[in-house]
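The structure appears below as structure tokens.
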Amino acid sequence: MVATKGNTEVSAREEILGRIRLAALHKARHPGQHPPPALPGGWETFAGRLESVGGTPHGPVAGAELRRMAFDLASTRAGDGRIVAEPTAADWLGPGPWQLASDAAIPHAYEDVAVGFVRGRVACAENGAVAVAGSDATSRALLVLCQHLVLIVSVDSVVPDLHAGFAALPADAFGHHHLTWISGPSKTADIEQALVYGAHGPLTLDVIGVER
Amino acid sequence: MTARLDQRAREVLADEDAVRRHDASVFDLRQRRDAAVAEVPDWEALRERASGIKRHLLDHLDRYLERFETQARAAGVRVHWATDAASANRIVSELLAARQVRQVIKSKSMLTEECGLNPVLEARGIEVVDTDLGERIVQLAGEPPSHIIVPAIHRSRFEIGALFHRTMGTPEGESDPERLTRLARADLRRKFTEADAAITGVNFAVAETGSIVVVTNEGNADLGMSLPNLHIACMGLEKLIPAMSDLPVFLRLLARSATGQPISVYTSVVTGPRPGAELHVVIVDNGRSELLASDGHRGALGCIRCGACLNTCPVYRKAGGYAYDQPIPGPIGAVLAPSLRAKEGGAELAQASSLCGSCSAVCPMRIDLHGQLLAWRRENRTAGALERVVTFVAATAMTRPALFGAAGRTAANFWSLLGRRFAGNPAASWLHGRELPEHPGESFRAQWLRRRETPK
């Protein structure tokens, strides 16, 4: 019966919180923010780290060069496959061989995508990770279903460390379903510790640095 | 309990090649960790900060749990509470049954291993597919994981190739890790797209925003969270952190400690469900509030499940995960087992340690693991009768100098009989692989006195 189940869960909550109230000491204070570590920043540092985690950096590029690079990547990575760009990435790229991602409600619509273009908001030099905001990847499935992912990020958005990375996220970053840091192509080492790129997500990750 | 710890370990140790391979793979992870840590100038400050934040969190856990619940609900999450493993399993299986779910894709969650969720769901006719490659391997083999980060580390590529051939019909004799991974990828892609629901663990839960954070390298949790319209996330109540600005402190420690990566490939901060989908978070106690109430063991709740203590532990490296016979092996598993009570036999695991302290030295959360093991030994009184007699005799002799001196002189006369006379005696197991040195003919005490009197 639904009511009984509901009551059981309510009493479980009270039971657990009651035990914790008794056990919690209410003493130790929060140690405060971690001071910024002295780590190098900049696009070059980020690009080096991205390579070490299996990704491929491109650029920095601007204007017509960005379009040319995107066209090149689309054809080398996709072959004859389907290419999809999220609207905010397409804003930067202009028209091209890509369809616009539009139907967020049907994630399975992206099962056959060869290349996905998505905009990144922050790039972190410390670990080669790029933050993709939920508002730039409304079709979240595209991020992991496409065989090859291309992230486009402003070179001005590179921060040295992850603390700065979180601080630099847009104000509404946690007002959307997801915020995803991506560091390299998907990978596994579950068979005898042998590193293999392309576990369940994209086989490759390209990151284009854009000068605006 | 099926067998004693030392009996289980002996079975594992019988296959010398497997032991060597396991030891080398696990220690390789430890060395990767060391290299990654060396690149971080503020590593010790990070550890200090993380353990300070967790101490604060645990001291105010009631408030942070309530805050998390309020914020998660505001974002559209359904929050459930489970006092123990059985109620956690019941909540999950009722959610699935109410929506006629037939097929579930699951990403790695040590909590659901601890609760024994899979068999409960399977008994209700639900197909559960573990999607982390290592977990898929052990699932197909019908075994539990042997490591919390690399669940199939005890299996060779040849064994995995044969297993895939038998269970997925892949080409016979295939043993190349890359091709095996591709075959599993294709097989699991189908499972991902067919599934009606996804179950994931939770690496961190942020009280400030009501977000859950899920970390993987393979992208399996992200596929799970992106495809089906139902996502159930199961978390131990200690997974909370106060604020989003605390998250990078833990993320910078986690992957480096686990595999030596600067960060995992995917770090997904999920705040509320996908539009049109459902997100349920099940908060599980299962012995954790009891740990919180124990001054001596509260610190163990700071564990972020990185596996660094397993990779450095001389006992885990040799004996492997199965010798522990618990969902979480290694030093942290031995510390948690008596409280989480997933299986019997948890208390004796405190004996499975040399107390060398290497686990405490690598723990990113600065948990005093070897101190905790010692504390459990004291509390459980797991020592056998013989050990108690020996300790009593030693304590008596050591606090009485005259008696100690006499014992030393006597021992000199009987030395040569030790080992031979003890064969077949329980005490002899300690002498396995050890050889008694030649006795110098007089006790240490006698030598000490003599040398002091005749300086060189």
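In the structure tokens, chains take letters A, B, ... by order of appearance, with residues numbered from 1 within each chain and ligands from 1 in the order shown.
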Which residues of chain A have any atom within 6 Å of an atom in chain B when counting only C-alpha atoms, and what is the closest pair of atoms for each, with the distance in Å to one decimal? Order the rows by chain and rising number and write it as a tab-separated table.
residue	atom	partner	partner_atom	distance
A:Ala12	CA	B:Thr83	CA	5.9
A:Arg13	CA	B:Trp81	CA	5.4
A:Leu17	CA	B:Asp62	CA	6.0
A:Ile20	CA	B:Asp62	CA	5.8
A:Arg21	CA	B:Asp62	CA	5.7
A:Ala23	CA	B:Ala293	CA	4.5
A:Ala24	CA	B:Asp59	CA	4.7
A:Leu25	CA	B:Asp59	CA	4.9
A:His26	CA	B:Asp59	CA	4.8
A:Ala28	CA	B:His56	CA	4.8
A:Arg29	CA	B:His56	CA	5.4
A:His30	CA	B:His56	CA	5.4
A:Pro31	CA	B:Gly52	CA	5.9
A:Pro107	CA	B:Leu227	CA	5.8
A:Asn127	CA	B:Pro262	CA	5.0
A:Arg140	CA	B:Ser226	CA	5.9
A:Ala141	CA	B:Ser226	CA	4.9
A:Leu162	CA	B:Pro248	CA	5.7
A:His163	CA	B:Pro248	CA	5.5
A:His177	CA	B:Thr271	CA	5.0
A:His178	CA	B:Val270	CA	4.5
A:Leu179	CA	B:Val269	CA	5.1
A:Thr180	CA	B:Ser268	CA	4.4
A:Trp181	CA	B:Thr267	CA	5.0
A:Ile182	CA	B:Tyr266	CA	4.9
A:Ser183	CA	B:Val265	CA	4.5
A:Gly184	CA	B:Val265	CA	5.9
A:Ser186	CA	B:Glu218	CA	4.9
A:Lys187	CA	B:Glu218	CA	5.0
A:Thr188	CA	B:Glu218	CA	5.8
A:Asp190	CA	B:Gly134	CA	5.1
A:Ile191	CA	B:Pro177	CA	5.8
A:Val196	CA	B:Glu178	CA	5.7
A:Ala199	CA	B:Glu218	CA	5.0
A:His200	CA	B:Glu218	CA	5.3
A:Gly201	CA	B:Gly219	CA	5.0
File of the preceding selection, N, CA and C atoms, as a compact mmCIF listing (two decimals), in the first residue's frame:
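Below you can see selection.txt, which holds the result:
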# COMPACT_ATOMS: atom_id res chain seq x y z
N ALA A 12 11.95 6.11 8.55
CA ALA A 12 13.38 5.82 8.32
C ALA A 12 14.17 7.12 8.38
N ARG A 13 13.62 8.15 7.77
CA ARG A 13 14.29 9.46 7.78
C ARG A 13 14.45 9.95 9.22
N LEU A 17 18.07 10.48 11.02
CA LEU A 17 18.44 11.83 11.47
C LEU A 17 18.52 11.90 12.99
N ILE A 20 21.79 10.50 14.03
CA ILE A 20 22.88 11.40 13.65
C ILE A 20 22.91 12.64 14.54
N ARG A 21 21.73 13.14 14.91
CA ARG A 21 21.70 14.30 15.81
C ARG A 21 22.40 13.98 17.13
N ALA A 23 24.78 11.78 17.52
CA ALA A 23 26.20 11.48 17.32
C ALA A 23 27.00 12.69 16.83
N ALA A 24 26.33 13.64 16.17
CA ALA A 24 27.05 14.79 15.60
C ALA A 24 27.52 15.70 16.74
N LEU A 25 28.79 16.09 16.68
CA LEU A 25 29.37 16.83 17.80
C LEU A 25 29.14 18.33 17.70
N HIS A 26 28.82 18.80 16.48
CA HIS A 26 28.63 20.25 16.25
C HIS A 26 29.82 21.07 16.75
N ALA A 28 33.73 20.90 15.07
CA ALA A 28 34.77 21.29 14.11
C ALA A 28 34.27 22.35 13.13
N ARG A 29 35.06 23.39 12.92
CA ARG A 29 34.66 24.44 11.98
C ARG A 29 35.18 24.12 10.59
N HIS A 30 34.51 24.70 9.61
CA HIS A 30 34.96 24.53 8.22
C HIS A 30 36.32 25.22 8.07
N PRO A 31 37.31 24.53 7.46
CA PRO A 31 38.66 25.12 7.39
C PRO A 31 38.79 26.26 6.38
N PRO A 107 16.73 11.23 -26.41
CA PRO A 107 18.19 11.04 -26.41
C PRO A 107 18.64 9.97 -27.41
N ASN A 127 44.55 19.63 -15.37
CA ASN A 127 44.14 18.26 -15.64
C ASN A 127 43.58 18.03 -17.04
N ARG A 140 22.08 15.96 -23.60
CA ARG A 140 23.24 15.43 -22.88
C ARG A 140 23.79 14.16 -23.51
N ALA A 141 22.89 13.34 -24.07
CA ALA A 141 23.30 12.06 -24.63
C ALA A 141 24.33 12.23 -25.73
N LEU A 162 41.81 23.53 -10.68
CA LEU A 162 40.39 23.18 -10.62
C LEU A 162 39.59 24.09 -9.69
N HIS A 163 40.24 24.65 -8.67
CA HIS A 163 39.52 25.59 -7.79
C HIS A 163 39.10 26.81 -8.62
N HIS A 177 20.35 20.62 -15.46
CA HIS A 177 20.43 19.21 -15.10
C HIS A 177 21.88 18.75 -14.87
N HIS A 178 22.80 19.20 -15.71
CA HIS A 178 24.17 18.70 -15.53
C HIS A 178 25.22 19.76 -15.83
N LEU A 179 26.37 19.54 -15.24
CA LEU A 179 27.60 20.28 -15.57
C LEU A 179 28.64 19.19 -15.64
N THR A 180 29.30 19.05 -16.78
CA THR A 180 30.19 17.90 -16.96
C THR A 180 31.61 18.34 -17.30
N TRP A 181 32.57 17.90 -16.47
CA TRP A 181 33.99 18.10 -16.80
C TRP A 181 34.44 16.89 -17.61
N ILE A 182 35.07 17.14 -18.76
CA ILE A 182 35.53 16.04 -19.60
C ILE A 182 37.03 16.18 -19.81
N SER A 183 37.78 15.15 -19.45
CA SER A 183 39.24 15.19 -19.58
C SER A 183 39.68 14.03 -20.48
N GLY A 184 39.74 14.30 -21.77
CA GLY A 184 40.17 13.27 -22.71
C GLY A 184 39.04 12.38 -23.18
N SER A 186 36.88 8.82 -23.61
CA SER A 186 36.55 7.80 -22.62
C SER A 186 37.61 6.71 -22.66
N LYS A 187 37.89 6.10 -21.51
CA LYS A 187 38.95 5.10 -21.50
C LYS A 187 38.76 4.08 -20.39
N THR A 188 39.50 2.98 -20.49
CA THR A 188 39.46 1.95 -19.47
C THR A 188 40.82 1.26 -19.41
N ASP A 190 40.72 -1.82 -17.55
CA ASP A 190 40.21 -2.90 -16.72
C ASP A 190 40.71 -4.28 -17.14
N ILE A 191 41.33 -4.39 -18.32
CA ILE A 191 41.91 -5.67 -18.71
C ILE A 191 43.43 -5.57 -18.56
N VAL A 196 43.11 1.54 -22.83
CA VAL A 196 42.39 1.52 -24.11
C VAL A 196 41.48 2.74 -24.17
N ALA A 199 36.07 3.58 -24.33
CA ALA A 199 35.39 2.55 -23.52
C ALA A 199 33.91 2.57 -23.89
N HIS A 200 33.12 3.44 -23.27
CA HIS A 200 31.71 3.54 -23.64
C HIS A 200 31.39 4.85 -24.35
N GLY A 201 32.14 5.87 -24.03
CA GLY A 201 31.92 7.19 -24.63
C GLY A 201 32.73 7.34 -25.90
Exercise. Taking the DSSP assignment computed from this structure's backbone, write out as a PyMOL selection string all residues of range 115-206 of chain A that belong to strand (DSSP E).
Key: chain A and resi 115-119+122-124+129-133+148-154+158-159+178-182+187-188+196-197+204-206
Exercise. Please indicate the distance in Å from CA of Leu403 in chain B to CA of Leu449 in chain B, rounded to one decimal place.
Key: 16.1 Å
Practice problem: Using only C-alpha atoms, pick whichever of A:Arg77, A:Gly96, A:Val153, A:Ala137 has the shortest atom-to-atom distance to Thr204 in chain A. | Solution: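 Residue with the minimum atom-to-atom distance to Thr204 in chain A: A:Arg77.
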Quiz item: Could you name the residues that touch Glu172 in chain B at 8 Å or less, counting only C-alpha atoms, but leaving out those on the same chain fewer than 2 positions away, as a VMD selection string?
Solution: chain B and resid 161 to 162 165 170 174
Self-check item: Between CA of His297 in chain B and CA of Gly32 in chain A - distance in Å to one decimal
Solution: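 Distance reported for this atom pair: 24.7 Å.
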Practice problem: Using DSSP on the backbone coordinates, identify all residues within range 320-451 of chain B classified as alpha helix (DSSP H); present the result as JSON, numbers by chain. | Solution: {"B": [330, 331, 332, 333, 334, 335, 336, 337, 338, 339, 340, 358, 359, 360, 361, 362, 369, 370, 371, 372, 373, 374, 375, 376, 377, 378, 379, 380, 385, 386, 387, 388, 389, 390, 391, 392, 393, 394, 395, 396, 397, 398, 401, 402, 403, 404, 405, 406, 407, 408, 409, 410, 411, 412, 413, 414, 444, 445, 446, 447, 448, 449, 450, 451]}
Exercise. Using only C-alpha atoms, find the one residue out of A:Glu192, A:Asp206, A:Glu211, A:Asp91 that sits nearest to Ala47 in chain A.
Key: A:Asp206
Quiz item: So what do you get for CA of Arg305 in chain B versus CA of Ser146 in chain B, distance-wise?
Solution: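 Distance reported for this atom pair: 13.8 Å.
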